[in-house]
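So this one's model_13.pdb, PDB, C-alpha atoms:
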ATOM      1  CA  MET R   1      -0.769  -1.542 -44.757
ATOM      2  CA  ARG R   2      -0.949  -1.452 -40.968
ATOM      3  CA  HIS R   3      -2.236  -5.046 -40.997
ATOM      4  CA  ALA R   4       0.770  -6.149 -43.118
ATOM      5  CA  ILE R   5       3.239  -4.439 -40.745
ATOM      6  CA  SER R   6       1.478  -6.005 -37.772
ATOM      7  CA  ASN R   7       1.714  -9.487 -39.350
ATOM      8  CA  ARG R   8       5.364  -8.994 -40.350
ATOM      9  CA  ASN R   9       6.338  -7.902 -36.835
ATOM     10  CA  ALA R  10       4.366 -10.781 -35.321
ATOM     11  CA  TRP R  11       6.147 -13.398 -37.489
ATOM     12  CA  LEU R  12       9.546 -11.781 -36.815
ATOM     13  CA  ALA R  13       8.758 -12.077 -33.116
ATOM     14  CA  ILE R  14       7.697 -15.737 -33.558
ATOM     15  CA  LEU R  15      11.008 -16.516 -35.330
ATOM     16  CA  ALA R  16      12.953 -14.781 -32.546
ATOM     17  CA  VAL R  17      10.983 -16.690 -29.878
ATOM     18  CA  VAL R  18      11.584 -20.076 -31.558
ATOM     19  CA  LEU R  19      15.350 -19.565 -32.071
ATOM     20  CA  SER R  20      16.123 -18.019 -28.687
ATOM     21  CA  SER R  21      13.825 -20.393 -26.810
ATOM     22  CA  SER R  22      15.385 -23.499 -28.413
ATOM     23  CA  ALA R  23      18.910 -22.240 -27.677
ATOM     24  CA  GLY R  24      17.859 -21.480 -24.104
ATOM     25  CA  ASP R  25      16.241 -24.912 -23.618
ATOM     26  CA  VAL R  26      19.341 -26.723 -24.859
ATOM     27  CA  LEU R  27      21.664 -24.661 -22.624
ATOM     28  CA  LEU R  28      19.430 -25.067 -19.553
ATOM     29  CA  SER R  29      19.095 -28.804 -20.144
ATOM     30  CA  ARG R  30      22.886 -29.133 -20.378
ATOM     31  CA  ALA R  31      23.297 -27.115 -17.162
ATOM     32  CA  MET R  32      20.807 -29.261 -15.230
ATOM     33  CA  LYS R  33      22.395 -32.505 -16.459
ATOM     34  CA  GLN R  34      25.777 -31.203 -15.206
ATOM     35  CA  ILE R  35      24.326 -30.377 -11.771
ATOM     36  CA  GLY R  36      22.216 -33.546 -11.391
ATOM     37  CA  ASP R  37      18.855 -34.249  -9.718
ATOM     38  CA  LEU R  38      17.869 -30.958  -8.012
ATOM     39  CA  GLY R  39      15.561 -32.703  -5.518
ATOM     40  CA  ARG R  40      18.326 -34.983  -4.257
ATOM     41  CA  LEU R  41      20.877 -32.160  -4.173
ATOM     42  CA  ARG R  42      18.532 -30.003  -2.083
ATOM     43  CA  ALA R  43      17.859 -32.873   0.333
ATOM     44  CA  ARG R  44      21.592 -33.534   0.719
ATOM     45  CA  ARG R  45      23.097 -30.015   0.786
ATOM     46  CA  GLY R  46      20.201 -27.588   1.378
ATOM     47  CA  LEU R  47      18.341 -24.997  -0.693
ATOM     48  CA  LEU R  48      20.999 -22.251  -0.464
ATOM     49  CA  PHE R  49      23.723 -24.560  -1.783
ATOM     50  CA  LEU R  50      21.392 -25.656  -4.582
ATOM     51  CA  ILE R  51      20.614 -22.062  -5.629
ATOM     52  CA  LEU R  52      24.301 -21.048  -5.542
ATOM     53  CA  THR R  53      25.299 -24.120  -7.563
ATOM     54  CA  VAL R  54      22.691 -23.371 -10.219
ATOM     55  CA  LEU R  55      23.524 -19.645 -10.370
ATOM     56  CA  ARG R  56      27.248 -20.375 -10.810
ATOM     57  CA  ASN R  57      26.741 -22.661 -13.812
ATOM     58  CA  ARG R  58      27.711 -20.816 -16.998
ATOM     59  CA  TYR R  59      25.370 -22.853 -19.242
ATOM     60  CA  PHE R  60      22.517 -21.873 -16.925
ATOM     61  CA  LEU R  61      23.437 -18.167 -17.170
ATOM     62  CA  LEU R  62      23.680 -18.344 -20.981
ATOM     63  CA  GLY R  63      20.370 -20.230 -21.094
ATOM     64  CA  VAL R  64      18.649 -17.610 -18.943
ATOM     65  CA  GLY R  65      20.020 -14.904 -21.265
ATOM     66  CA  CYS R  66      18.464 -16.682 -24.260
ATOM     67  CA  MET R  67      15.182 -17.114 -22.342
ATOM     68  CA  ALA R  68      15.158 -13.372 -21.564
ATOM     69  CA  VAL R  69      15.482 -12.628 -25.298
ATOM     70  CA  SER R  70      12.667 -15.119 -25.941
ATOM     71  CA  PHE R  71      10.464 -13.556 -23.238
ATOM     72  CA  TYR R  72      10.826 -10.010 -24.568
ATOM     73  CA  SER R  73      10.326 -11.244 -28.150
ATOM     74  CA  LEU R  74       7.058 -12.812 -26.932
ATOM     75  CA  LEU R  75       5.972  -9.550 -25.262
ATOM     76  CA  PHE R  76       6.855  -7.672 -28.458
ATOM     77  CA  GLY R  77       4.837 -10.142 -30.535
ATOM     78  CA  LEU R  78       1.843 -10.039 -28.159
ATOM     79  CA  SER R  79       1.739  -6.260 -28.473
ATOM     80  CA  TRP R  80       1.297  -6.663 -32.271
ATOM     81  CA  ASN R  81      -0.997  -9.641 -32.616
ATOM     82  CA  ASP R  82      -3.298 -11.982 -30.665
ATOM     83  CA  VAL R  83      -2.053 -14.680 -28.336
ATOM     84  CA  SER R  84      -4.088 -17.100 -30.493
ATOM     85  CA  LEU R  85      -1.523 -16.599 -33.289
ATOM     86  CA  ILE R  86       1.693 -15.924 -31.355
ATOM     87  CA  GLY R  87       1.209 -18.626 -28.674
ATOM     88  CA  PRO R  88       0.501 -21.709 -30.794
ATOM     89  CA  ALA R  89       2.783 -20.745 -33.693
ATOM     90  CA  ALA R  90       5.772 -20.157 -31.399
ATOM     91  CA  ALA R  91       4.985 -23.175 -29.177
ATOM     92  CA  SER R  92       4.466 -25.683 -31.984
ATOM     93  CA  LEU R  93       7.553 -24.593 -33.946
ATOM     94  CA  THR R  94       9.595 -24.667 -30.729
ATOM     95  CA  PHE R  95       8.643 -28.341 -30.130
ATOM     96  CA  VAL R  96      10.082 -29.314 -33.516
ATOM     97  CA  ALA R  97      13.145 -27.016 -33.246
ATOM     98  CA  ASN R  98      13.892 -28.424 -29.784
ATOM     99  CA  ALA R  99      13.755 -32.030 -30.975
ATOM    100  CA  ILE R 100      16.287 -31.214 -33.717
ATOM    101  CA  ALA R 101      18.513 -29.176 -31.363
ATOM    102  CA  ALA R 102      18.406 -31.833 -28.591
ATOM    103  CA  LYS R 103      19.499 -34.530 -31.047
ATOM    104  CA  ILE R 104      22.370 -32.436 -32.460
ATOM    105  CA  PHE R 105      23.674 -30.608 -29.379
ATOM    106  CA  LEU R 106      22.625 -32.796 -26.424
ATOM    107  CA  HIS R 107      22.983 -36.156 -28.258
ATOM    108  CA  GLU R 108      19.619 -37.265 -26.868
ATOM    109  CA  ARG R 109      18.187 -40.463 -28.294
ATOM    110  CA  VAL R 110      15.282 -38.992 -30.269
ATOM    111  CA  ASP R 111      13.641 -42.191 -31.482
ATOM    112  CA  GLY R 112      10.425 -42.634 -33.484
ATOM    113  CA  ARG R 113       8.338 -42.372 -30.330
ATOM    114  CA  ARG R 114       9.772 -38.961 -29.430
ATOM    115  CA  TRP R 115       9.517 -37.605 -32.994
ATOM    116  CA  ALA R 116       5.903 -38.764 -33.089
ATOM    117  CA  ALA R 117       5.239 -37.116 -29.718
ATOM    118  CA  ALA R 118       6.833 -33.805 -30.804
ATOM    119  CA  LEU R 119       4.882 -33.721 -34.091
ATOM    120  CA  LEU R 120       1.570 -34.800 -32.507
ATOM    121  CA  VAL R 121       1.858 -32.175 -29.768
ATOM    122  CA  ALA R 122       2.983 -29.459 -32.226
ATOM    123  CA  SER R 123       0.016 -30.062 -34.549
ATOM    124  CA  GLY R 124      -2.388 -30.541 -31.644
ATOM    125  CA  VAL R 125      -1.380 -27.196 -30.125
ATOM    126  CA  VAL R 126      -2.117 -25.450 -33.429
ATOM    127  CA  LEU R 127      -5.558 -27.108 -33.734
ATOM    128  CA  ILE R 128      -6.497 -26.219 -30.142
ATOM    129  CA  ALA R 129      -5.612 -22.563 -30.660
ATOM    130  CA  ILE R 130      -7.150 -21.833 -34.078
TER
ATOM    131  CA  MET Q   1       8.991 -42.096 -12.543
ATOM    132  CA  ASN Q   2       7.388 -41.482  -9.129
ATOM    133  CA  VAL Q   3       4.645 -39.217  -7.745
ATOM    134  CA  ARG Q   4       7.081 -36.355  -7.046
ATOM    135  CA  LYS Q   5       8.234 -36.355 -10.678
ATOM    136  CA  TYR Q   6       4.667 -36.400 -12.007
ATOM    137  CA  LEU Q   7       3.845 -33.437  -9.718
ATOM    138  CA  VAL Q   8       6.824 -31.515 -11.127
ATOM    139  CA  LEU Q   9       5.597 -32.184 -14.692
ATOM    140  CA  ALA Q  10       2.106 -31.036 -13.618
ATOM    141  CA  GLY Q  11       3.652 -27.787 -12.331
ATOM    142  CA  VAL Q  12       5.361 -27.228 -15.690
ATOM    143  CA  SER Q  13       2.040 -27.947 -17.464
ATOM    144  CA  ILE Q  14      -0.168 -25.618 -15.407
ATOM    145  CA  PHE Q  15       2.029 -22.594 -14.609
ATOM    146  CA  ALA Q  16       3.120 -21.902 -18.214
ATOM    147  CA  PRO Q  17      -0.266 -21.548 -20.009
ATOM    148  CA  VAL Q  18      -1.909 -19.640 -17.121
ATOM    149  CA  GLY Q  19       1.108 -17.305 -16.893
ATOM    150  CA  ASP Q  20       1.094 -16.727 -20.667
ATOM    151  CA  SER Q  21      -2.645 -15.906 -20.564
ATOM    152  CA  LEU Q  22      -2.101 -13.309 -17.810
ATOM    153  CA  LEU Q  23       0.761 -11.788 -19.823
ATOM    154  CA  SER Q  24      -1.442 -11.572 -22.891
ATOM    155  CA  TYR Q  25      -4.210  -9.829 -20.937
ATOM    156  CA  GLY Q  26      -1.721  -7.379 -19.448
ATOM    157  CA  MET Q  27      -0.009  -6.588 -22.743
ATOM    158  CA  LYS Q  28      -3.367  -5.758 -24.334
ATOM    159  CA  GLN Q  29      -3.741  -3.108 -21.593
ATOM    160  CA  VAL Q  30      -0.209  -1.792 -22.203
ATOM    161  CA  GLY Q  31      -0.863  -1.418 -25.952
ATOM    162  CA  ASN Q  32       1.319  -1.661 -29.061
ATOM    163  CA  ILE Q  33       5.064  -1.226 -28.624
ATOM    164  CA  SER Q  34       7.131  -0.363 -31.693
ATOM    165  CA  LEU Q  35      10.758  -1.295 -32.351
ATOM    166  CA  ARG Q  36      11.729   2.356 -31.663
ATOM    167  CA  ASP Q  37      10.294   2.214 -28.140
ATOM    168  CA  ILE Q  38      12.058  -0.903 -26.837
ATOM    169  CA  PRO Q  39      12.553   0.635 -23.319
ATOM    170  CA  ASP Q  40       8.742   0.604 -22.993
ATOM    171  CA  LEU Q  41       8.978  -3.198 -22.846
ATOM    172  CA  LEU Q  42      10.879  -2.867 -19.549
ATOM    173  CA  LEU Q  43       8.100  -0.676 -18.116
ATOM    174  CA  ALA Q  44       5.474  -3.258 -19.142
ATOM    175  CA  ILE Q  45       6.321  -5.360 -16.048
ATOM    176  CA  THR Q  46       4.777  -2.654 -13.821
ATOM    177  CA  ASN Q  47       1.325  -3.707 -15.097
ATOM    178  CA  PRO Q  48      -0.206  -5.985 -12.368
ATOM    179  CA  TRP Q  49      -1.417  -8.629 -14.850
ATOM    180  CA  VAL Q  50       2.024  -8.753 -16.466
ATOM    181  CA  GLY Q  51       3.556  -8.927 -12.951
ATOM    182  CA  ALA Q  52       1.252 -11.825 -11.920
ATOM    183  CA  GLY Q  53       2.063 -13.584 -15.198
ATOM    184  CA  ILE Q  54       5.781 -13.216 -14.480
ATOM    185  CA  LEU Q  55       5.328 -14.708 -10.972
ATOM    186  CA  LEU Q  56       3.563 -17.768 -12.398
ATOM    187  CA  LEU Q  57       6.250 -18.099 -15.053
ATOM    188  CA  LEU Q  58       8.868 -18.113 -12.269
ATOM    189  CA  GLY Q  59       6.987 -21.086 -10.744
ATOM    190  CA  PHE Q  60       7.044 -22.701 -14.178
ATOM    191  CA  PHE Q  61      10.789 -22.061 -14.450
ATOM    192  CA  ALA Q  62      11.577 -23.723 -11.096
ATOM    193  CA  SER Q  63       9.489 -26.798 -12.038
ATOM    194  CA  TYR Q  64      11.023 -26.902 -15.507
ATOM    195  CA  MET Q  65      14.609 -26.779 -14.174
ATOM    196  CA  THR Q  66      13.806 -29.588 -11.729
ATOM    197  CA  ALA Q  67      12.330 -31.739 -14.511
ATOM    198  CA  LEU Q  68      15.336 -31.129 -16.770
ATOM    199  CA  SER Q  69      17.664 -32.276 -13.983
ATOM    200  CA  TRP Q  70      16.362 -35.873 -14.261
ATOM    201  CA  ALA Q  71      14.811 -36.128 -17.739
ATOM    202  CA  ASP Q  72      15.673 -35.415 -21.380
ATOM    203  CA  LEU Q  73      14.541 -32.174 -23.007
ATOM    204  CA  THR Q  74      12.679 -34.192 -25.671
ATOM    205  CA  TYR Q  75      10.798 -35.985 -22.867
ATOM    206  CA  VAL Q  76       9.978 -32.963 -20.680
ATOM    207  CA  LEU Q  77       8.553 -30.742 -23.432
ATOM    208  CA  PRO Q  78       5.894 -33.091 -24.860
ATOM    209  CA  ALA Q  79       5.138 -34.633 -21.448
ATOM    210  CA  SER Q  80       4.389 -31.222 -19.948
ATOM    211  CA  SER Q  81       2.139 -30.051 -22.793
ATOM    212  CA  LEU Q  82      -1.090 -31.201 -21.120
ATOM    213  CA  GLY Q  83      -1.571 -27.573 -20.041
ATOM    214  CA  TYR Q  84      -2.993 -26.814 -23.482
ATOM    215  CA  VAL Q  85      -5.557 -29.575 -23.011
ATOM    216  CA  LEU Q  86      -6.303 -28.316 -19.498
ATOM    217  CA  LEU Q  87      -7.047 -24.791 -20.779
ATOM    218  CA  ALA Q  88      -9.444 -26.127 -23.428
ATOM    219  CA  LEU Q  89     -11.225 -28.329 -20.850
ATOM    220  CA  ILE Q  90     -11.574 -25.363 -18.441
ATOM    221  CA  ALA Q  91     -13.047 -23.337 -21.321
ATOM    222  CA  ARG Q  92     -15.586 -26.112 -22.064
ATOM    223  CA  PHE Q  93     -16.632 -27.316 -18.613
ATOM    224  CA  GLY Q  94     -15.680 -24.371 -16.366
ATOM    225  CA  LEU Q  95     -16.569 -21.377 -18.553
ATOM    226  CA  HIS Q  96     -19.152 -23.275 -20.678
ATOM    227  CA  GLU Q  97     -17.563 -22.045 -23.907
ATOM    228  CA  LYS Q  98     -18.171 -23.904 -27.149
ATOM    229  CA  VAL Q  99     -15.255 -26.204 -28.010
ATOM    230  CA  THR Q 100     -15.182 -26.910 -31.749
ATOM    231  CA  VAL Q 101     -14.509 -30.280 -33.374
ATOM    232  CA  THR Q 102     -11.114 -28.948 -34.507
ATOM    233  CA  ARG Q 103     -10.190 -28.259 -30.887
ATOM    234  CA  TRP Q 104     -11.287 -31.726 -29.774
ATOM    235  CA  ILE Q 105      -9.044 -33.190 -32.495
ATOM    236  CA  GLY Q 106      -6.206 -30.967 -31.206
ATOM    237  CA  ILE Q 107      -6.818 -32.224 -27.649
ATOM    238  CA  ALA Q 108      -6.691 -35.828 -28.906
ATOM    239  CA  LEU Q 109      -3.408 -35.169 -30.760
ATOM    240  CA  VAL Q 110      -1.713 -33.523 -27.754
ATOM    241  CA  SER Q 111      -2.938 -36.293 -25.445
ATOM    242  CA  GLY Q 112      -1.649 -38.898 -27.913
ATOM    243  CA  GLY Q 113       1.737 -37.157 -28.011
ATOM    244  CA  VAL Q 114       1.931 -37.081 -24.211
ATOM    245  CA  GLY Q 115       0.963 -40.769 -24.087
ATOM    246  CA  PHE Q 116       3.646 -41.659 -26.655
ATOM    247  CA  VAL Q 117       6.502 -39.929 -24.850
ATOM    248  CA  THR Q 118       5.571 -40.863 -21.283
ATOM    249  CA  SER Q 119       5.401 -44.557 -22.175
ATOM    250  CA  GLY Q 120       9.136 -44.475 -22.932
ATOM    251  CA  PRO Q 121      12.242 -43.859 -20.801
ATOM    252  CA  GLU Q 122      12.668 -40.293 -19.494
ATOM    253  CA  LEU Q 123      16.456 -40.200 -19.812
ATOM    254  CA  THR Q 124      18.930 -41.225 -22.510
ATOM    255  CA  ARG Q 125      21.188 -43.817 -20.893
ATOM    256  CA  ARG Q 126      24.757 -43.627 -22.107
ATOM    257  CA  PRO Q 127      27.132 -46.586 -21.881
ATOM    258  CA  PRO Q 128      29.621 -46.134 -19.021
ATOM    259  CA  ARG Q 129      33.055 -44.950 -20.075
ATOM    260  CA  VAL Q 130      35.902 -47.452 -19.875
ATOM    261  CA  GLN Q 131      37.976 -46.506 -16.848
ATOM    262  CA  ILE Q 132      41.749 -46.506 -16.888
ATOM    263  CA  ALA Q 133      42.830 -49.261 -14.533
ATOM    264  CA  SER Q 134      45.956 -47.410 -13.395
ATOM    265  CA  ASP Q 135      44.001 -44.350 -12.237
ATOM    266  CA  PRO Q 136      41.862 -45.292  -9.221
ATOM    267  CA  ARG Q 137      40.400 -41.764  -9.035
ATOM    268  CA  ALA Q 138      38.818 -42.083 -12.479
ATOM    269  CA  THR Q 139      35.042 -41.807 -12.095
ATOM    270  CA  GLU Q 140      32.178 -41.950 -14.489
ATOM    271  CA  HIS Q 141      30.627 -38.665 -15.594
ATOM    272  CA  SER Q 142      27.694 -39.302 -17.861
TER
END

Output the file's structure as structure tokens, nothing else.
Amino acid sequence: MRHAISNRNAWLAILAVVLSSSAGDVLLSRAMKQIGDLGRLRARRGLLFLILTVLRNRYFLLGVGCMAVSFYSLLFGLSWNDVSLIGPAAASLTFVANAIAAKIFLHERVDGRRWAAALLVASGVVLIAI
Amino acid sequence: MNVRKYLVLAGVSIFAPVGDSLLSYGMKQVGNISLRDIPDLLLAITNPWVGAGILLLLGFFASYMTALSWADLTYVLPASSLGYVLLALIARFGLHEKVTVTRWIGIALVSGGVGFVTSGPELTRRPPRVQIASDPRATEHS
């Protein structure tokens, strides 16, 4: 019984990590594309300007909020099951969810090469961890 | 791609798995947290291992943001996944742990995925927008 509850909570946490992490990645990617190359911006305007620019971007703030949900979902999951289940399951599913979300929301050109990379890495991560 | 960009991707690769491992170790010390005791999650960061894990994840976050500022999300994520391979190699050659055939296959798959994505362009190029000739201030925002 306790094992079943532990597994249920772990998979709920994995689902929460995948959804919130993908939403966060998409929002953060959009924010960084709006701001532009951080290295060049820092060289041109300084570190303080760079930090203030990033912190004032609303997509960045929303993305960080989603990442915070993902982080605490991960902590919750790790308190119920091993990192060998939570880590690879969440990571591999997030690779696939991100490829779908990036194509739909960021209009990235996800060609055969990138789908192959996402699927190879997702399955490789699972095999390394089991 | 230049050396600076490869170093940023290396930062993303290394900080994330090491930080996650420290978090895992710390959370095992903290113990189970039920849905009724959510505030306990906030106190978990006072554990030194969890704290060290968070510091490394901050380093990961800075590298990740930098990478996303010049590359697509679907490029950065697979390209920075070599950390999983690195952990397995440290386990085999640093800690002399047994690495199973399944793990070696996993390492080959991740490496293949990284090779696939890094051989292509890092950013989706969009065609420039047609500018209105009567508005000289019109600039391209892609």

Choose the residue, out of R:Val17, R:Gly39, R:Ser92, R:Leu52, that has the smallest atom-to-atom separation from chain Q; count all atoms listed in the file.
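Answer, going by the shortest atom-to-atom distance: R:Gly39.
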
Need the shell around Ser24 (chain Q): protein/DNA/RNA residues with any atom at most 7 Å away, counting all atoms listed in the file. Skip same-chain ones fewer than 4 positions apart. Format as a PyMOL selection string?
(chain R and resi 78+83) or (chain Q and resi 20+28)

Residues of chain R no more than 9 Å from chain Q, counting all atoms listed in the file: send them over as a PyMOL selection string.
chain R and resi 25-26+28-39+72+75-76+78-80+82-83+87+95+98-99+102-103+106-110+113-130

Quick one: distance from CA of Ser84 (chain R) to CA of Leu62 (chain R) in Å, one decimal?
29.4 Å

Please return, as a PyMOL selection string, all polymer residues that have at least one atom within 6 Å of the point (7.0, -27.5, -9.5); use only C-alpha atoms and the file's own coordinate frame.
chain Q and resi 8+11+63

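Atom pair CA of Ile14 (chain Q) / CA of Gly83 (chain Q): separated by 5.2 Å.
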
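The shortest atom-to-atom distance to Leu50 (chain R), with all atoms listed in the file taken into account, belongs to Q:Ala62 out of Q:Leu9, Q:Ala62, Q:Val3, Q:Pro121.
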
Mind giving me the straight-line distance from CA of Tyr59 (chain R) to CA of Gly24 (chain R) in Å, one decimal?
9.1 Å
